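Below is run_3.pdb, which holds PDB, C-alpha atoms, pLDDT in the B column.
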```pdb
ATOM      1  CA  MET Y   1     -39.339  90.405  -3.142  1.00 58.00           C
ATOM      2  CA  VAL Y   2     -41.908  87.873  -1.953  1.00 59.00           C
ATOM      3  CA  ASP Y   3     -41.387  84.171  -2.624  1.00 60.00           C
ATOM      4  CA  PHE Y   4     -44.504  82.149  -3.253  1.00 58.00           C
ATOM      5  CA  ALA Y   5     -44.554  78.533  -2.166  1.00 54.00           C
ATOM      6  CA  ALA Y   6     -45.985  76.094  -4.645  1.00 54.00           C
ATOM      7  CA  PRO Y   7     -48.372  73.542  -3.170  1.00 56.00           C
ATOM      8  CA  SER Y   8     -46.700  70.188  -2.670  1.00 57.00           C
ATOM      9  CA  LEU Y   9     -47.803  66.725  -1.671  1.00 53.00           C
ATOM     10  CA  GLY Y  10     -44.439  66.188  -0.057  1.00 56.00           C
ATOM     11  CA  THR Y  11     -42.220  63.160  -0.250  1.00 64.00           C
ATOM     12  CA  GLY Y  12     -43.520  61.377   2.803  1.00 72.00           C
ATOM     13  CA  LEU Y  13     -45.719  58.402   3.408  1.00 77.00           C
ATOM     14  CA  ILE Y  14     -48.936  60.268   2.614  1.00 81.00           C
ATOM     15  CA  SER Y  15     -47.866  61.082  -0.943  1.00 80.00           C
ATOM     16  CA  ILE Y  16     -46.816  57.474  -1.475  1.00 82.00           C
ATOM     17  CA  LEU Y  17     -50.192  56.246  -0.239  1.00 83.00           C
ATOM     18  CA  ILE Y  18     -52.070  58.745  -2.425  1.00 85.00           C
ATOM     19  CA  GLY Y  19     -50.030  57.676  -5.453  1.00 83.00           C
ATOM     20  CA  PHE Y  20     -50.688  54.008  -4.682  1.00 85.00           C
ATOM     21  CA  LEU Y  21     -54.418  54.670  -4.306  1.00 87.00           C
ATOM     22  CA  VAL Y  22     -54.612  56.520  -7.634  1.00 88.00           C
ATOM     23  CA  VAL Y  23     -52.703  53.779  -9.464  1.00 87.00           C
ATOM     24  CA  PHE Y  24     -54.813  51.079  -7.786  1.00 88.00           C
ATOM     25  CA  ILE Y  25     -58.084  52.746  -8.840  1.00 90.00           C
ATOM     26  CA  ILE Y  26     -56.870  53.075 -12.427  1.00 90.00           C
ATOM     27  CA  TYR Y  27     -55.759  49.420 -12.326  1.00 88.00           C
ATOM     28  CA  LEU Y  28     -59.182  48.327 -11.040  1.00 90.00           C
ATOM     29  CA  LEU Y  29     -60.986  50.264 -13.757  1.00 90.00           C
ATOM     30  CA  ILE Y  30     -58.827  48.790 -16.525  1.00 89.00           C
ATOM     31  CA  ILE Y  31     -58.968  45.211 -15.227  1.00 89.00           C
ATOM     32  CA  GLY Y  32     -62.674  45.606 -14.483  1.00 90.00           C
ATOM     33  CA  PHE Y  33     -63.324  46.744 -18.047  1.00 90.00           C
ATOM     34  CA  VAL Y  34     -61.340  43.827 -19.486  1.00 89.00           C
ATOM     35  CA  LEU Y  35     -63.194  41.328 -17.278  1.00 90.00           C
ATOM     36  CA  TRP Y  36     -66.553  42.919 -18.090  1.00 90.00           C
ATOM     37  CA  LEU Y  37     -65.883  42.714 -21.821  1.00 88.00           C
ATOM     38  CA  ALA Y  38     -64.677  39.115 -21.543  1.00 88.00           C
ATOM     39  CA  GLY Y  39     -67.768  38.252 -19.497  1.00 88.00           C
ATOM     40  CA  GLU Y  40     -70.041  39.864 -22.072  1.00 87.00           C
ATOM     41  CA  ILE Y  41     -68.419  37.816 -24.826  1.00 86.00           C
ATOM     42  CA  VAL Y  42     -68.349  34.443 -23.036  1.00 88.00           C
ATOM     43  CA  VAL Y  43     -71.215  34.324 -20.539  1.00 85.00           C
ATOM     44  CA  GLY Y  44     -74.675  33.907 -22.028  1.00 72.00           C
ATOM     45  CA  ARG Y  45     -76.327  36.456 -19.720  1.00 75.00           C
ATOM     46  CA  ARG Y  46     -75.748  40.146 -19.275  1.00 80.00           C
ATOM     47  CA  VAL Y  47     -72.929  40.777 -16.788  1.00 85.00           C
ATOM     48  CA  THR Y  48     -72.484  44.105 -15.034  1.00 89.00           C
ATOM     49  CA  PHE Y  49     -69.436  46.277 -14.657  1.00 91.00           C
ATOM     50  CA  VAL Y  50     -69.889  46.156 -10.868  1.00 91.00           C
ATOM     51  CA  GLU Y  51     -69.530  42.353 -10.950  1.00 90.00           C
ATOM     52  CA  ALA Y  52     -66.333  42.709 -12.958  1.00 91.00           C
ATOM     53  CA  LEU Y  53     -65.005  45.331 -10.515  1.00 92.00           C
ATOM     54  CA  GLY Y  54     -65.801  42.934  -7.674  1.00 91.00           C
ATOM     55  CA  ILE Y  55     -63.716  40.215  -9.284  1.00 92.00           C
ATOM     56  CA  ALA Y  56     -60.881  42.664  -9.921  1.00 91.00           C
ATOM     57  CA  ALA Y  57     -60.894  44.071  -6.382  1.00 91.00           C
ATOM     58  CA  VAL Y  58     -61.348  40.870  -4.393  1.00 92.00           C
ATOM     59  CA  GLY Y  59     -59.194  38.885  -6.801  1.00 91.00           C
ATOM     60  CA  THR Y  60     -56.299  41.295  -6.515  1.00 89.00           C
ATOM     61  CA  PHE Y  61     -56.033  40.762  -2.770  1.00 91.00           C
ATOM     62  CA  LEU Y  62     -56.879  37.056  -2.583  1.00 92.00           C
ATOM     63  CA  VAL Y  63     -54.727  35.965  -5.525  1.00 90.00           C
ATOM     64  CA  GLY Y  64     -51.902  38.222  -4.362  1.00 89.00           C
ATOM     65  CA  ALA Y  65     -52.101  36.762  -0.858  1.00 92.00           C
ATOM     66  CA  SER Y  66     -52.067  33.188  -2.123  1.00 92.00           C
ATOM     67  CA  ILE Y  67     -49.027  33.877  -4.288  1.00 90.00           C
ATOM     68  CA  ALA Y  68     -47.258  35.763  -1.498  1.00 91.00           C
ATOM     69  CA  PHE Y  69     -47.906  33.351   1.353  1.00 93.00           C
ATOM     70  CA  LEU Y  70     -47.874  29.946  -0.353  1.00 91.00           C
ATOM     71  CA  PRO Y  71     -44.647  28.541  -1.792  1.00 88.00           C
ATOM     72  CA  GLY Y  72     -43.935  28.355  -5.545  1.00 88.00           C
ATOM     73  CA  TRP Y  73     -46.338  26.508  -7.782  1.00 91.00           C
ATOM     74  CA  ILE Y  74     -48.778  25.841  -4.955  1.00 93.00           C
ATOM     75  CA  GLY Y  75     -49.392  29.577  -4.583  1.00 91.00           C
ATOM     76  CA  LEU Y  76     -49.898  30.006  -8.321  1.00 90.00           C
ATOM     77  CA  LEU Y  77     -52.331  27.099  -8.528  1.00 93.00           C
ATOM     78  CA  VAL Y  78     -54.300  28.257  -5.484  1.00 93.00           C
ATOM     79  CA  GLY Y  79     -54.369  31.785  -6.957  1.00 91.00           C
ATOM     80  CA  LEU Y  80     -55.701  30.438 -10.253  1.00 92.00           C
ATOM     81  CA  LEU Y  81     -58.345  28.395  -8.429  1.00 94.00           C
ATOM     82  CA  VAL Y  82     -59.376  31.433  -6.362  1.00 94.00           C
ATOM     83  CA  PHE Y  83     -59.680  33.558  -9.510  1.00 92.00           C
ATOM     84  CA  LEU Y  84     -61.781  30.911 -11.268  1.00 94.00           C
ATOM     85  CA  LEU Y  85     -64.015  30.621  -8.192  1.00 94.00           C
ATOM     86  CA  LEU Y  86     -64.509  34.398  -8.172  1.00 93.00           C
ATOM     87  CA  VAL Y  87     -65.446  34.466 -11.859  1.00 92.00           C
ATOM     88  CA  LYS Y  88     -67.750  31.477 -11.336  1.00 92.00           C
ATOM     89  CA  HIS Y  89     -69.456  33.175  -8.373  1.00 91.00           C
ATOM     90  CA  TYR Y  90     -69.794  36.761  -9.646  1.00 90.00           C
ATOM     91  CA  PHE Y  91     -70.704  35.912 -13.255  1.00 91.00           C
ATOM     92  CA  LYS Y  92     -72.949  32.991 -12.162  1.00 90.00           C
ATOM     93  CA  THR Y  93     -71.446  30.544 -14.627  1.00 90.00           C
ATOM     94  CA  GLY Y  94     -69.903  27.076 -14.538  1.00 91.00           C
ATOM     95  CA  TRP Y  95     -66.285  25.995 -14.531  1.00 92.00           C
ATOM     96  CA  LEU Y  96     -66.010  26.057 -18.337  1.00 92.00           C
ATOM     97  CA  GLY Y  97     -67.530  29.540 -18.420  1.00 90.00           C
ATOM     98  CA  ALA Y  98     -65.030  30.738 -15.813  1.00 91.00           C
ATOM     99  CA  ILE Y  99     -62.134  29.272 -17.784  1.00 92.00           C
ATOM    100  CA  GLY Y 100     -63.535  30.829 -20.966  1.00 90.00           C
ATOM    101  CA  VAL Y 101     -63.839  34.261 -19.335  1.00 90.00           C
ATOM    102  CA  SER Y 102     -60.268  33.980 -18.045  1.00 89.00           C
ATOM    103  CA  ILE Y 103     -58.901  33.081 -21.469  1.00 89.00           C
ATOM    104  CA  MET Y 104     -60.961  35.784 -23.170  1.00 87.00           C
ATOM    105  CA  ALA Y 105     -59.744  38.370 -20.618  1.00 85.00           C
ATOM    106  CA  ILE Y 106     -56.178  37.519 -21.575  1.00 82.00           C
ATOM    107  CA  VAL Y 107     -57.023  37.824 -25.277  1.00 82.00           C
ATOM    108  CA  VAL Y 108     -58.888  41.117 -24.834  1.00 78.00           C
ATOM    109  CA  GLY Y 109     -56.259  42.571 -22.503  1.00 73.00           C
ATOM    110  CA  THR Y 110     -53.310  41.723 -24.715  1.00 75.00           C
ATOM    111  CA  ARG Y 111     -54.828  42.367 -28.140  1.00 71.00           C
ATOM    112  CA  SER Y 112     -56.611  45.645 -27.523  1.00 65.00           C
ATOM    113  CA  PRO Y 113     -54.656  48.459 -29.200  1.00 61.00           C
ATOM    114  CA  SER Y 114     -54.844  50.767 -26.177  1.00 58.00           C
ATOM    115  CA  LEU Y 115     -54.911  48.313 -23.239  1.00 54.00           C
ATOM    116  CA  GLY Y 116     -52.438  45.767 -24.445  1.00 49.00           C
ATOM    117  CA  ARG Y 117     -49.725  48.084 -25.686  1.00 51.00           C
ATOM    118  CA  SER Y 118     -47.561  47.656 -22.611  1.00 49.00           C
ATOM    119  CA  PHE Y 119     -48.077  43.880 -22.550  1.00 45.00           C
ATOM    120  CA  ARG Y 120     -47.045  43.544 -26.170  1.00 50.00           C
ATOM    121  CA  ALA Y 121     -44.088  45.935 -26.201  1.00 50.00           C
ATOM    122  CA  ALA Y 122     -41.434  43.235 -26.103  1.00 45.00           C
ATOM    123  CA  GLU Y 123     -43.260  41.091 -28.666  1.00 48.00           C
ATOM    124  CA  ASP Y 124     -43.730  44.055 -31.010  1.00 50.00           C
ATOM    125  CA  THR Y 125     -40.086  45.063 -30.751  1.00 49.00           C
ATOM    126  CA  TRP Y 126     -38.974  41.535 -31.555  1.00 45.00           C
ATOM    127  CA  ALA Y 127     -41.390  41.317 -34.508  1.00 48.00           C
ATOM    128  CA  LEU Y 128     -40.211  44.638 -35.945  1.00 46.00           C
ATOM    129  CA  ASP Y 129     -36.571  43.578 -35.612  1.00 46.00           C
ATOM    130  CA  ARG Y 130     -37.397  40.437 -37.564  1.00 47.00           C
ATOM    131  CA  GLY Y 131     -39.320  42.364 -40.237  1.00 49.00           C
ATOM    132  CA  LYS Y 132     -42.632  40.689 -39.387  1.00 49.00           C
ATOM    133  CA  SER Y 133     -46.085  42.247 -39.202  1.00 43.00           C
ATOM    134  CA  LEU Y 134     -47.308  43.226 -35.740  1.00 42.00           C
ATOM    135  CA  PHE Y 135     -50.816  41.865 -36.274  1.00 43.00           C
ATOM    136  CA  ALA Y 136     -50.089  38.647 -38.178  1.00 42.00           C
TER     137      ALA Y 136
END
```
Represent the structure contained in this file as structure tokens.
Amino acid sequence: MVDFAAPSLGTGLISILIGFLVVFIIYLLIIGFVLWLAGEIVVGRRVTFVEALGIAAVGTFLVGASIAFLPGWIGLLVGLLVFLLLVKHYFKTGWLGAIGVSIMAIVVGTRSPSLGRSFRAAEDTWALDRGKSLFA
């Protein structure tokens, strides 16, 4: 009898890197879509999906680095400032527009039925336990 070997990615470093890359691309597409939609709602001009992907990609590394390498609240505040600067630059808006896009991205990301489901899981569970409506 002949045994056939099923193709495998293995359990080594390469499979971990491939998995990370796939998850990172999906993350960029989701965050890019949320930022694009928030930019369309807030900014008075037409923003592109490529601009939103730029904010998501560059912002992921710069904000992550500021949080990782700067202590406590300083890292969070520098990360927030970096994110606002990225939105201001890519969407060609002012400080209030950047703050508005950031707030709208949070609203869109957490209130969308498909995108925000994981963000709202704990809130929904608590609301159901209390007998409250999920969308009140």
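In this comparison, which uses all atoms listed in the file, the residue of Y:Ser102, Y:Arg111, Y:Leu62, Y:Pro71 approaching Trp36 in chain Y most closely is Y:Ser102.
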Item to check | All residues 9 Å or closer to Phe91 in chain Y, only C-alpha atoms, same chain fewer than 2 positions away omitted, as a ChimeraX atom specification | outcome: /Y:39,43,45-48,51-52,86-89,93-94,97-98
Kindly save the residues from that selection, with C-alpha atoms included, as a PDB file, in the coordinates of the input.
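Just written: result-v6.pdb:
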```pdb
ATOM      1  CA  GLY Y  39     -67.768  38.252 -19.497  1.00 88.00           C
ATOM      2  CA  VAL Y  43     -71.215  34.324 -20.539  1.00 85.00           C
ATOM      3  CA  ARG Y  45     -76.327  36.456 -19.720  1.00 75.00           C
ATOM      4  CA  ARG Y  46     -75.748  40.146 -19.275  1.00 80.00           C
ATOM      5  CA  VAL Y  47     -72.929  40.777 -16.788  1.00 85.00           C
ATOM      6  CA  THR Y  48     -72.484  44.105 -15.034  1.00 89.00           C
ATOM      7  CA  GLU Y  51     -69.530  42.353 -10.950  1.00 90.00           C
ATOM      8  CA  ALA Y  52     -66.333  42.709 -12.958  1.00 91.00           C
ATOM      9  CA  LEU Y  86     -64.509  34.398  -8.172  1.00 93.00           C
ATOM     10  CA  VAL Y  87     -65.446  34.466 -11.859  1.00 92.00           C
ATOM     11  CA  LYS Y  88     -67.750  31.477 -11.336  1.00 92.00           C
ATOM     12  CA  HIS Y  89     -69.456  33.175  -8.373  1.00 91.00           C
ATOM     13  CA  THR Y  93     -71.446  30.544 -14.627  1.00 90.00           C
ATOM     14  CA  GLY Y  94     -69.903  27.076 -14.538  1.00 91.00           C
ATOM     15  CA  GLY Y  97     -67.530  29.540 -18.420  1.00 90.00           C
ATOM     16  CA  ALA Y  98     -65.030  30.738 -15.813  1.00 91.00           C
TER      17      ALA Y  98
END
```
Next on the checklist: Under the PyMOL selection byres ((chain Y and resi 64) around 12), which residues of this model are included? Write them out as a PyMOL selection string.
Outcome noted: chain Y and resi 56-63+65-70+75-80+82-83
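The interatomic distance for the pair CA of Gly19 in chain Y and CA of Leu37 in chain Y works out to 27.3 Å.
Atom to atom, CA of Phe49 in chain Y and CA of Val108 in chain Y stand 15.5 Å apart.
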Item to check | Proximity to Ile103 in chain Y - best of Y:Leu53, Y:Ile25, Y:Leu17, Y:Leu84, all atoms listed in the file | outcome: Y:Leu84
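Across the model, the gap from CA of Leu28 in chain Y to CA of Gly12 in chain Y is 24.6 Å.
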